[in-house]
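Raw contents of structure_38.csv, CSV, C-alpha atoms:
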```
chain,number,residue,atom,x,y,z
F,10,MET,CA,0.7,-35.2,13.7
F,11,ASN,CA,-0.1,-38.9,13.6
F,12,LEU,CA,3.3,-40.1,12.4
F,13,PRO,CA,6.2,-42.1,13.9
F,14,ALA,CA,8.6,-39.6,15.5
F,15,ARG,CA,11.3,-40.0,12.7
F,16,SER,CA,8.8,-39.6,9.9
F,17,GLU,CA,7.2,-36.7,11.6
F,18,LEU,CA,10.5,-34.9,12.0
F,19,SER,CA,11.5,-35.7,8.4
F,20,PHE,CA,8.2,-34.3,7.0
F,21,ARG,CA,8.6,-31.1,9.1
F,22,HIS,CA,12.0,-30.6,7.5
F,23,TYR,CA,10.5,-31.4,4.1
F,24,LEU,CA,8.0,-28.6,4.6
F,25,ALA,CA,10.7,-26.2,5.8
F,26,GLY,CA,12.7,-27.0,2.7
F,27,THR,CA,9.6,-26.5,0.5
F,28,THR,CA,9.1,-23.0,2.1
F,29,GLY,CA,12.8,-22.2,1.3
F,30,LEU,CA,12.5,-23.6,-2.2
F,31,THR,CA,9.4,-21.5,-2.9
F,32,ALA,CA,11.2,-18.4,-1.6
F,33,VAL,CA,14.2,-19.1,-3.9
F,34,LEU,CA,11.8,-19.5,-6.8
F,35,MET,CA,10.2,-16.1,-6.1
F,36,LEU,CA,13.6,-14.5,-5.9
F,37,LEU,CA,14.5,-16.1,-9.2
F,38,GLY,CA,11.4,-14.7,-10.7
F,39,VAL,CA,12.2,-11.2,-9.4
F,40,TYR,CA,15.7,-11.4,-10.8
F,41,THR,CA,14.5,-12.8,-14.1
F,42,ALA,CA,12.1,-9.8,-14.5
F,43,ALA,CA,14.7,-7.3,-13.3
F,44,ALA,CA,17.3,-8.7,-15.8
F,45,GLY,CA,14.9,-8.4,-18.7
F,46,ALA,CA,15.1,-12.1,-19.3
F,47,GLY,CA,11.4,-12.9,-19.2
F,48,LEU,CA,11.0,-12.7,-23.0
F,49,THR,CA,14.3,-14.1,-24.1
F,50,CYS,CA,13.0,-17.5,-25.0
F,51,ALA,CA,11.6,-16.0,-28.2
F,52,GLN,CA,8.4,-15.3,-26.3
F,53,ARG,CA,7.6,-19.0,-26.3
F,54,TRP,CA,6.4,-21.2,-23.5
F,55,PRO,CA,7.2,-23.9,-22.5
F,56,LEU,CA,9.8,-24.1,-25.3
F,57,CYS,CA,12.8,-21.8,-25.4
F,58,ASP,CA,15.1,-20.5,-28.2
F,59,GLY,CA,18.0,-23.1,-28.2
F,60,ALA,CA,18.9,-26.6,-29.2
F,61,VAL,CA,16.8,-29.8,-29.4
F,62,PHE,CA,13.6,-28.3,-30.8
F,63,GLY,CA,13.8,-25.3,-28.6
F,64,LEU,CA,13.9,-27.3,-25.3
F,65,PHE,CA,17.1,-25.6,-24.1
F,66,PRO,CA,18.3,-22.0,-23.9
F,67,ALA,CA,20.5,-20.4,-26.5
F,68,ASP,CA,22.4,-17.9,-24.4
F,69,TRP,CA,22.9,-16.6,-20.9
F,70,MET,CA,19.8,-14.4,-20.8
F,71,SER,CA,17.5,-17.1,-22.1
F,72,PHE,CA,19.2,-19.5,-19.6
F,73,ILE,CA,18.0,-17.3,-16.7
F,74,GLU,CA,14.4,-17.6,-17.9
F,75,TRP,CA,14.8,-21.3,-18.7
F,76,PHE,CA,16.3,-22.0,-15.3
F,77,HIS,CA,13.4,-20.1,-13.6
F,78,ARG,CA,10.9,-22.4,-15.4
F,79,LEU,CA,12.9,-25.5,-14.4
F,80,VAL,CA,12.9,-24.5,-10.7
F,81,ALA,CA,9.2,-23.7,-10.9
F,82,MET,CA,8.5,-27.2,-12.2
F,83,VAL,CA,10.5,-28.8,-9.5
F,84,ALA,CA,8.9,-26.7,-6.8
F,85,GLY,CA,5.4,-27.5,-8.1
F,86,PHE,CA,6.1,-31.3,-7.8
F,87,VAL,CA,7.6,-30.8,-4.3
F,88,VAL,CA,4.4,-28.9,-3.1
F,89,LEU,CA,2.2,-31.5,-4.7
F,90,GLY,CA,4.1,-34.3,-3.1
F,91,GLY,CA,3.9,-32.7,0.3
F,92,THR,CA,0.2,-32.2,0.0
F,93,ALA,CA,-0.4,-35.8,-1.0
F,94,TYR,CA,1.6,-37.0,1.9
F,95,ALA,CA,-0.2,-34.8,4.4
F,96,TRP,CA,-3.5,-36.2,3.4
F,97,ARG,CA,-2.3,-39.8,3.2
F,98,ALA,CA,-0.7,-39.5,6.7
F,99,GLY,CA,-3.8,-37.9,8.2
F,100,LEU,CA,-2.0,-34.8,9.4
F,101,SER,CA,-3.8,-31.9,11.1
F,102,ARG,CA,-6.6,-30.2,9.4
F,103,ARG,CA,-4.7,-26.9,9.3
F,104,VAL,CA,-1.6,-28.3,7.7
F,105,ARG,CA,-3.7,-30.1,5.1
F,106,GLY,CA,-5.8,-27.1,4.5
F,107,ALA,CA,-2.9,-24.7,4.0
F,108,LEU,CA,-1.1,-27.1,1.6
F,109,THR,CA,-4.3,-27.8,-0.3
F,110,VAL,CA,-4.8,-24.1,-0.9
F,111,ALA,CA,-1.3,-23.8,-2.2
F,112,THR,CA,-1.7,-26.8,-4.4
F,113,ALA,CA,-5.0,-25.7,-5.8
F,114,LEU,CA,-3.4,-22.4,-6.9
F,115,LEU,CA,-0.6,-24.2,-8.8
F,116,PRO,CA,-2.6,-24.6,-12.1
F,117,ALA,CA,-3.5,-21.0,-12.1
F,118,GLN,CA,0.1,-20.0,-11.3
F,119,ILE,CA,1.4,-22.2,-14.2
F,120,ALA,CA,-1.1,-20.6,-16.6
F,121,LEU,CA,-0.2,-17.1,-15.4
F,122,GLY,CA,3.5,-17.9,-15.8
F,123,ALA,CA,2.9,-18.9,-19.4
F,124,LEU,CA,0.9,-15.7,-20.0
F,125,THR,CA,3.7,-13.5,-18.6
F,126,VAL,CA,5.8,-14.8,-21.5
F,127,THR,CA,3.3,-14.8,-24.3
F,128,GLU,CA,1.3,-11.7,-23.3
F,129,TYR,CA,3.4,-9.8,-20.8
F,130,GLU,CA,0.7,-7.4,-19.5
F,131,TRP,CA,0.7,-5.5,-16.2
F,132,LEU,CA,-2.5,-7.3,-14.9
F,133,ILE,CA,-1.1,-10.7,-15.7
F,134,LEU,CA,2.3,-9.9,-14.0
F,135,THR,CA,0.5,-8.6,-10.9
F,136,ALA,CA,-1.8,-11.7,-10.7
F,137,HIS,CA,1.2,-14.0,-11.2
F,138,PHE,CA,3.2,-12.5,-8.3
F,139,SER,CA,0.1,-12.2,-6.1
F,140,THR,CA,-0.7,-15.9,-6.6
F,141,ALA,CA,3.0,-16.7,-5.8
F,142,THR,CA,2.8,-14.8,-2.6
F,143,ILE,CA,-0.4,-16.6,-1.5
F,144,ILE,CA,1.2,-20.0,-2.3
F,145,TYR,CA,4.3,-19.0,-0.3
F,146,GLY,CA,2.1,-17.9,2.6
F,147,GLY,CA,0.1,-21.2,2.6
F,148,ILE,CA,3.3,-23.3,2.6
F,149,THR,CA,4.8,-21.2,5.3
F,150,LEU,CA,1.7,-21.5,7.5
F,151,ALA,CA,1.6,-25.3,6.9
F,152,THR,CA,5.3,-25.4,8.1
F,153,ALA,CA,4.6,-23.3,11.1
F,154,TRP,CA,1.6,-25.4,12.1
F,155,ALA,CA,3.6,-28.6,11.6
F,156,PHE,CA,6.2,-27.3,14.1
F,157,THR,CA,3.7,-25.9,16.7
F,158,ASP,CA,4.1,-28.7,19.3
F,159,ARG,CA,7.9,-28.6,18.9
F,160,VAL,CA,8.8,-24.9,19.4
F,161,ARG,CA,10.3,-23.8,22.6
F,162,PRO,CA,8.8,-21.2,25.0
F,163,GLY,CA,9.1,-17.7,23.7
F,164,ALA,CA,9.4,-18.8,20.1
F,165,ALA,CA,6.5,-16.6,19.0
F,166,ARG,CA,8.1,-13.5,20.5
F,167,ARG,CA,11.5,-14.3,19.0
F,168,ALA,CA,9.8,-14.7,15.6
F,169,THR,CA,8.1,-11.3,16.1
F,170,LEU,CA,11.4,-9.7,17.1
F,171,ALA,CA,13.0,-11.1,14.0
F,172,ALA,CA,10.3,-9.6,11.8
F,173,THR,CA,10.6,-6.3,13.7
F,174,ALA,CA,14.4,-6.2,13.1
F,175,LEU,CA,14.0,-7.0,9.4
F,176,LEU,CA,11.3,-4.4,8.5
F,177,PRO,CA,13.7,-1.3,8.8
F,178,ALA,CA,16.0,-3.0,6.2
F,179,PHE,CA,12.9,-3.6,4.0
F,180,LEU,CA,12.1,0.1,4.3
F,181,VAL,CA,15.7,1.1,3.4
F,182,LEU,CA,15.6,-1.2,0.3
F,183,SER,CA,12.3,0.1,-0.9
F,184,PRO,CA,12.2,1.1,-4.5
F,185,ARG,CA,14.2,4.2,-5.3
F,186,LEU,CA,14.2,5.4,-1.6
F,187,LEU,CA,18.0,5.2,-1.2
F,188,PHE,CA,19.1,2.8,-4.0
F,189,VAL,CA,18.7,2.4,-7.7
F,190,TYR,CA,16.1,-0.3,-8.1
F,191,GLY,CA,18.2,-2.7,-10.1
F,192,GLY,CA,18.3,-6.4,-10.0
F,193,GLY,CA,20.5,-6.7,-6.9
F,194,ALA,CA,18.4,-4.2,-4.9
F,195,GLN,CA,15.2,-6.0,-5.9
F,196,VAL,CA,16.4,-9.4,-4.9
F,197,ALA,CA,17.7,-8.0,-1.6
F,198,LEU,CA,14.4,-6.3,-0.9
F,199,TYR,CA,12.4,-9.5,-1.6
F,200,ALA,CA,14.8,-11.7,0.3
F,201,VAL,CA,14.3,-9.5,3.4
F,202,GLY,CA,10.5,-9.2,2.8
F,203,LEU,CA,9.9,-12.9,2.3
F,204,THR,CA,12.0,-13.8,5.4
F,205,ALA,CA,10.0,-11.2,7.5
F,206,LEU,CA,6.7,-12.5,6.1
F,207,ALA,CA,7.7,-16.1,7.2
F,208,ALA,CA,8.6,-14.8,10.7
F,209,LEU,CA,5.3,-13.1,11.0
F,210,CYS,CA,3.4,-16.2,9.9
F,211,CYS,CA,5.2,-18.3,12.4
F,212,ALA,CA,4.6,-15.7,15.2
F,213,THR,CA,0.9,-15.7,14.4
F,214,VAL,CA,0.6,-19.4,14.5
F,215,TRP,CA,2.8,-20.0,17.5
F,216,THR,CA,1.6,-17.3,19.9
F,217,THR,CA,-0.8,-18.0,22.7
F,218,VAL,CA,-1.8,-14.4,23.0
F,219,VAL,CA,-4.8,-13.3,21.0
F,220,ARG,CA,-3.7,-9.6,20.7
F,221,ARG,CA,-0.3,-10.6,19.5
F,222,ALA,CA,-1.8,-13.0,16.9
F,223,LEU,CA,-4.0,-10.2,15.6
F,224,ALA,CA,-1.1,-7.7,15.4
F,225,THR,CA,1.3,-10.1,13.7
F,226,GLY,CA,-1.4,-11.5,11.4
F,227,LEU,CA,-2.3,-8.0,10.2
F,228,ALA,CA,1.4,-7.1,9.8
F,229,ALA,CA,1.8,-10.2,7.6
F,230,VAL,CA,-1.2,-9.1,5.4
F,231,VAL,CA,0.3,-5.6,5.1
F,232,LEU,CA,3.7,-6.9,4.2
F,233,GLY,CA,2.3,-9.4,1.6
F,234,ALA,CA,0.5,-6.5,-0.1
F,235,LEU,CA,3.7,-4.4,-0.1
F,236,LEU,CA,5.6,-7.3,-1.8
F,237,VAL,CA,3.0,-7.2,-4.6
F,238,LEU,CA,3.1,-3.4,-4.7
F,239,GLY,CA,6.9,-3.6,-5.1
F,240,ARG,CA,6.5,-5.3,-8.5
F,241,GLN,CA,4.7,-2.2,-10.0
F,242,ALA,CA,6.0,0.8,-11.9
F,243,PHE,CA,7.0,3.2,-9.2
F,244,GLY,CA,6.1,6.9,-8.8
F,245,THR,CA,6.0,9.2,-5.7
F,246,GLY,CA,2.6,7.9,-4.6
F,247,ALA,CA,3.7,4.3,-4.6
F,248,GLN,CA,6.8,5.2,-2.7
F,249,LEU,CA,4.8,6.9,0.0
F,250,VAL,CA,2.4,3.9,0.2
F,251,MET,CA,5.4,1.6,0.4
F,252,ALA,CA,7.0,3.6,3.2
F,253,GLY,CA,3.8,4.1,5.1
F,254,GLY,CA,2.8,0.4,4.8
F,255,THR,CA,6.3,-0.7,6.0
F,256,LEU,CA,6.1,1.6,9.0
F,257,LEU,CA,2.6,0.3,9.8
F,258,ALA,CA,3.9,-3.3,9.7
F,259,PHE,CA,6.8,-2.4,11.9
F,260,TYR,CA,4.6,-0.7,14.4
F,261,LEU,CA,2.3,-3.8,14.6
F,262,SER,CA,5.3,-6.1,15.0
F,263,PHE,CA,6.8,-3.9,17.7
F,264,VAL,CA,3.5,-3.8,19.6
F,265,ALA,CA,3.2,-7.5,19.3
F,266,ALA,CA,6.7,-8.1,20.5
F,267,ASN,CA,6.0,-6.1,23.6
F,268,THR,CA,2.5,-7.5,24.3
F,269,GLU,CA,2.6,-9.3,27.7
F,270,ALA,CA,0.9,-12.6,28.0
F,271,PRO,CA,-2.0,-12.5,30.6
F,272,SER,CA,-1.4,-14.5,33.7
F,273,GLY,CA,-3.5,-17.5,34.5
F,274,GLY,CA,-6.3,-19.0,32.5
F,275,SER,CA,-6.3,-20.4,29.0
F,276,ARG,CA,-4.4,-18.2,26.6
F,277,ARG,CA,-4.7,-20.5,23.6
F,278,ARG,CA,-6.7,-19.4,20.6
F,279,GLY,CA,-8.7,-22.5,19.9
F,280,VAL,CA,-7.2,-26.0,20.5
F,281,ALA,CA,-4.7,-26.9,23.1
F,282,HIS,CA,-1.6,-29.0,22.3
F,283,SER,CA,-0.2,-31.5,24.8
F,284,GLY,CA,3.4,-30.4,25.6
F,285,SER,CA,2.7,-27.2,23.8
F,286,HIS,CA,4.9,-24.2,24.0
F,287,SER,CA,4.1,-21.0,25.9
F,288,ASP,CA,5.0,-17.4,25.2
F,289,ASP,CA,7.4,-15.3,27.2
```
Would you mind writing the file out in structure tokens?
Amino acid sequence: MNLPARSELSFRHYLAGTTGLTAVLMLLGVYTAAAGAGLTCAQRWPLCDGAVFGLFPADWMSFIEWFHRLVAMVAGFVVLGGTAYAWRAGLSRRVRGALTVATALLPAQIALGALTVTEYEWLILTAHFSTATIIYGGITLATAWAFTDRVRPGAARRATLAATALLPAFLVLSPRLLFVYGGGAQVALYAVGLTALAALCCATVWTTVVRRALATGLAAVVLGALLVLGRQAFGTGAQLVMAGGTLLAFYLSFVAANTEAPSGGSRRRGVAHSGSHSDD
């Protein structure tokens, strides 16, 4: 990054906070849908069903939907601000690119969010959460790239081990495997899944070992697809796919965590960073 040390650190923390805020927004969306609050604003958007010309909620259920919209608005401005700053400060091409992709998807995400209220169709709901997952992935990657030259040796392996440890919990929480798939179970599933996805993204970016990057990157793609699948109506077939996909992601993470770095030579996938970390 081409920033003074204090500004650089502050922006890194800003990106980390943006990643956390985006995850919280997605969890709010999961809870809103699970609680059946998505249509409680009289099926209107952006207005609701309460006072001041429908700007505010009328009861607790409509408050859930209203609050989700409020956090979504705040998160959108936070992402937009981070992207504008990244370009103005001339940050790395990867950070700017990842944030630009996330920002470019915001208008579509806003439109899909409105349609989930006014139309509420399966295809729209799926597209809405798929777009949210891509935005979250882009912000997470931007954050990981921003911290690349600050992470300590072995950070990639520790991130991989964290994902490997979280994936069995993700399997246990899978829809209707052991628990009734109510609001609490859904939020727990996605809290675990989003954390594991962030760990896999960081591991992919931070590793110096090509095979480990391929394994964690593929595991991240599989997990992202499972997060989208978890928003669907569930039968036996979907349960099997969910379980099989989770086991595949776990296997890839386990293999990556136990992949040894080759001795000697350049192990970096592309550009070298001065003072960069090393695996193992």
Can you tell me, as a ChimeraX atom specification, what residues are no more than 6 Å from segment 43-50 of chain F when counting all atoms listed in the file, ignoring any on the same chain fewer than 2 positions away? /F:40-41,52-53,57-58,70-71,74,126,192
Could you check the closest approach to Leu108 of chain F for each of F:Ile148, F:Phe138, F:Tyr94, F:Gly85 and tell me which residue wins, using all atoms listed in the file? F:Ile148
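Distances here use only C-alpha atoms; by that measure, the residue among F:Ala151, F:Ala98, F:Ala123, F:Ala81 closest to Ala111 of chain F is F:Ala151.
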Among listed residues F:Ala194, F:Thr173, F:Leu134, F:Ala265, nearest Leu238 of chain F (using all atoms listed in the file):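 Of the candidates, the smallest distance to Leu238 of chain F is held by F:Leu134.
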Grab the atom CA of Val33 of chain F to atom CA of Leu89 of chain F distance for me, in Å with one decimal place.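 Distance between the two atoms: 17.3 Å.
Distances from F:Gly91, F:Leu114, F:Leu100, F:Ala51 to Asp68 of chain F were compared using all atoms listed in the file, and the smallest one belongs to F:Ala51.
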Residue among F:Ala224, F:Gly233, F:Gly38, F:Val88 lying closest to Ile73 of chain F, counting only C-alpha atoms: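 Answer, going by the shortest atom-to-atom distance: F:Gly38.
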Figure out the distance between atom CA of Gly253 of chain F and atom CA of Val231 of chain F, please, to one decimal in Å.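 Pair atom CA of Val231 of chain F / atom CA of Gly253 of chain F returns 10.3 Å.
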Contact residues around segment 228-230 of chain F with only C-alpha atoms at 6 Å, ignoring same-chain residues under 4 positions, as a ChimeraX atom specification: /F:206,209,258,261
Record the distance separating atom CA of Gly146 of chain F and atom CA of Cys210 of chain F, expressed in Å with one decimal.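 It comes out at 7.6 Å.
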Considering all atoms listed in the file, return as a PDB file with C-alpha atoms, in the frame of the given file whatever protein or nucleic-acid residues lie within 10 Å of Gly26 of chain F, sequence-local ones (same chain, fewer than 6 positions apart) excluded.
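Contents of selection-v7.pdb, as written:
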```pdb
ATOM      1  CA  PHE F  20       8.200 -34.300   7.000  1.00  0.00           C
ATOM      2  CA  ALA F  32      11.200 -18.400  -1.600  1.00  0.00           C
ATOM      3  CA  VAL F  87       7.600 -30.800  -4.300  1.00  0.00           C
ATOM      4  CA  THR F 152       5.300 -25.400   8.100  1.00  0.00           C
TER       5      THR F 152
END
```
Write out as a list in words each polymer residue whose atoms come within 8 Å of Ala153 of chain F, counting all atoms listed in the file; drop sequence neighbours fewer than 2 positions from it.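 Counting only the stated atoms, we get Thr149, Leu150, Ala151, Ala155, Phe156, Thr157, Cys210, Cys211, Val214 and Trp215 of chain F.
Closest approach to Leu257 of chain F among F:Ile143, F:Val39, F:Leu232, F:Leu56: F:Leu232, based on only C-alpha atoms.
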What's around Leu180 of chain F at 8 Å? Count all atoms listed in the file, leave out sequence neighbours fewer than 5 positions away in its own chain, and write the answer as a ChimeraX atom specification. /F:251-252,255-256
Got a sec to write segment 57-69 of chain F of the block to a file, all heavy atoms, as a compact mmCIF listing (two decimals), in the first residue's frame?
```txt
# COMPACT_ATOMS: atom_id res chain seq x y z
N CYS F 57 -42.26 1.25 5.00
CA CYS F 57 -42.68 0.16 5.87
C CYS F 57 -44.17 0.33 6.20
O CYS F 57 -44.93 0.83 5.37
CB CYS F 57 -41.80 0.12 7.12
SG CYS F 57 -41.77 -1.49 7.95
N ASP F 58 -44.58 -0.04 7.40
CA ASP F 58 -46.01 -0.05 7.71
C ASP F 58 -46.36 0.79 8.94
O ASP F 58 -47.45 0.67 9.48
CB ASP F 58 -46.49 -1.48 7.94
CG ASP F 58 -45.75 -2.17 9.08
OD1 ASP F 58 -44.78 -1.59 9.60
OD2 ASP F 58 -46.14 -3.29 9.45
N GLY F 59 -45.40 1.64 9.37
CA GLY F 59 -45.63 2.37 10.61
C GLY F 59 -45.82 3.86 10.44
O GLY F 59 -46.37 4.32 9.43
N ALA F 60 -45.34 4.64 11.39
CA ALA F 60 -45.59 6.08 11.46
C ALA F 60 -44.77 6.86 10.45
O ALA F 60 -43.90 6.32 9.77
CB ALA F 60 -45.28 6.57 12.87
N VAL F 61 -45.06 8.14 10.37
CA VAL F 61 -44.37 9.10 9.50
C VAL F 61 -44.38 8.63 8.05
O VAL F 61 -43.34 8.32 7.46
CB VAL F 61 -42.93 9.39 9.99
CG1 VAL F 61 -42.36 10.62 9.26
CG2 VAL F 61 -42.88 9.60 11.48
N PHE F 62 -45.56 8.52 7.50
CA PHE F 62 -45.75 8.15 6.10
C PHE F 62 -45.15 6.78 5.76
O PHE F 62 -44.69 6.55 4.64
CB PHE F 62 -45.19 9.22 5.16
CG PHE F 62 -45.71 10.59 5.44
CD1 PHE F 62 -44.90 11.55 6.02
CD2 PHE F 62 -47.03 10.93 5.14
CE1 PHE F 62 -45.38 12.82 6.30
CE2 PHE F 62 -47.51 12.20 5.41
CZ PHE F 62 -46.70 13.15 5.99
N GLY F 63 -45.13 5.91 6.75
CA GLY F 63 -44.62 4.57 6.50
C GLY F 63 -43.12 4.44 6.53
O GLY F 63 -42.57 3.45 6.04
N LEU F 64 -42.43 5.42 7.09
CA LEU F 64 -40.97 5.36 7.13
C LEU F 64 -40.46 4.43 8.22
O LEU F 64 -39.35 3.91 8.13
CB LEU F 64 -40.38 6.76 7.36
CG LEU F 64 -40.54 7.75 6.20
CD1 LEU F 64 -40.00 9.11 6.60
CD2 LEU F 64 -39.81 7.24 4.96
N PHE F 65 -41.25 4.21 9.27
CA PHE F 65 -40.81 3.44 10.42
C PHE F 65 -41.69 2.21 10.62
O PHE F 65 -42.81 2.14 10.11
CB PHE F 65 -40.82 4.32 11.68
CG PHE F 65 -39.86 5.46 11.59
CD1 PHE F 65 -40.28 6.73 11.21
CD2 PHE F 65 -38.52 5.27 11.88
CE1 PHE F 65 -39.39 7.78 11.12
CE2 PHE F 65 -37.61 6.33 11.78
CZ PHE F 65 -38.05 7.58 11.41
N PRO F 66 -41.20 1.21 11.35
CA PRO F 66 -41.98 -0.03 11.55
C PRO F 66 -43.11 0.16 12.55
O PRO F 66 -43.03 1.01 13.44
CB PRO F 66 -40.93 -1.01 12.07
CG PRO F 66 -39.92 -0.16 12.75
CD PRO F 66 -39.86 1.11 11.96
N ALA F 67 -44.12 -0.69 12.42
CA ALA F 67 -45.29 -0.60 13.30
C ALA F 67 -45.21 -1.57 14.47
O ALA F 67 -45.81 -1.33 15.51
CB ALA F 67 -46.57 -0.87 12.50
N ASP F 68 -44.49 -2.67 14.34
CA ASP F 68 -44.40 -3.65 15.41
C ASP F 68 -43.05 -4.36 15.34
O ASP F 68 -42.20 -4.01 14.51
CB ASP F 68 -45.55 -4.66 15.32
CG ASP F 68 -45.66 -5.31 13.95
OD1 ASP F 68 -44.60 -5.54 13.31
OD2 ASP F 68 -46.78 -5.60 13.50
N TRP F 69 -42.86 -5.34 16.22
CA TRP F 69 -41.56 -5.99 16.32
C TRP F 69 -41.17 -6.70 15.03
O TRP F 69 -40.02 -6.61 14.57
CB TRP F 69 -41.55 -6.98 17.48
CG TRP F 69 -40.31 -7.83 17.52
CD1 TRP F 69 -40.22 -9.17 17.30
CD2 TRP F 69 -38.97 -7.39 17.78
NE1 TRP F 69 -38.92 -9.60 17.40
CE2 TRP F 69 -38.12 -8.51 17.70
CE3 TRP F 69 -38.40 -6.14 18.07
CZ2 TRP F 69 -36.76 -8.44 17.90
CZ3 TRP F 69 -37.02 -6.07 18.26
CH2 TRP F 69 -36.22 -7.21 18.18
```
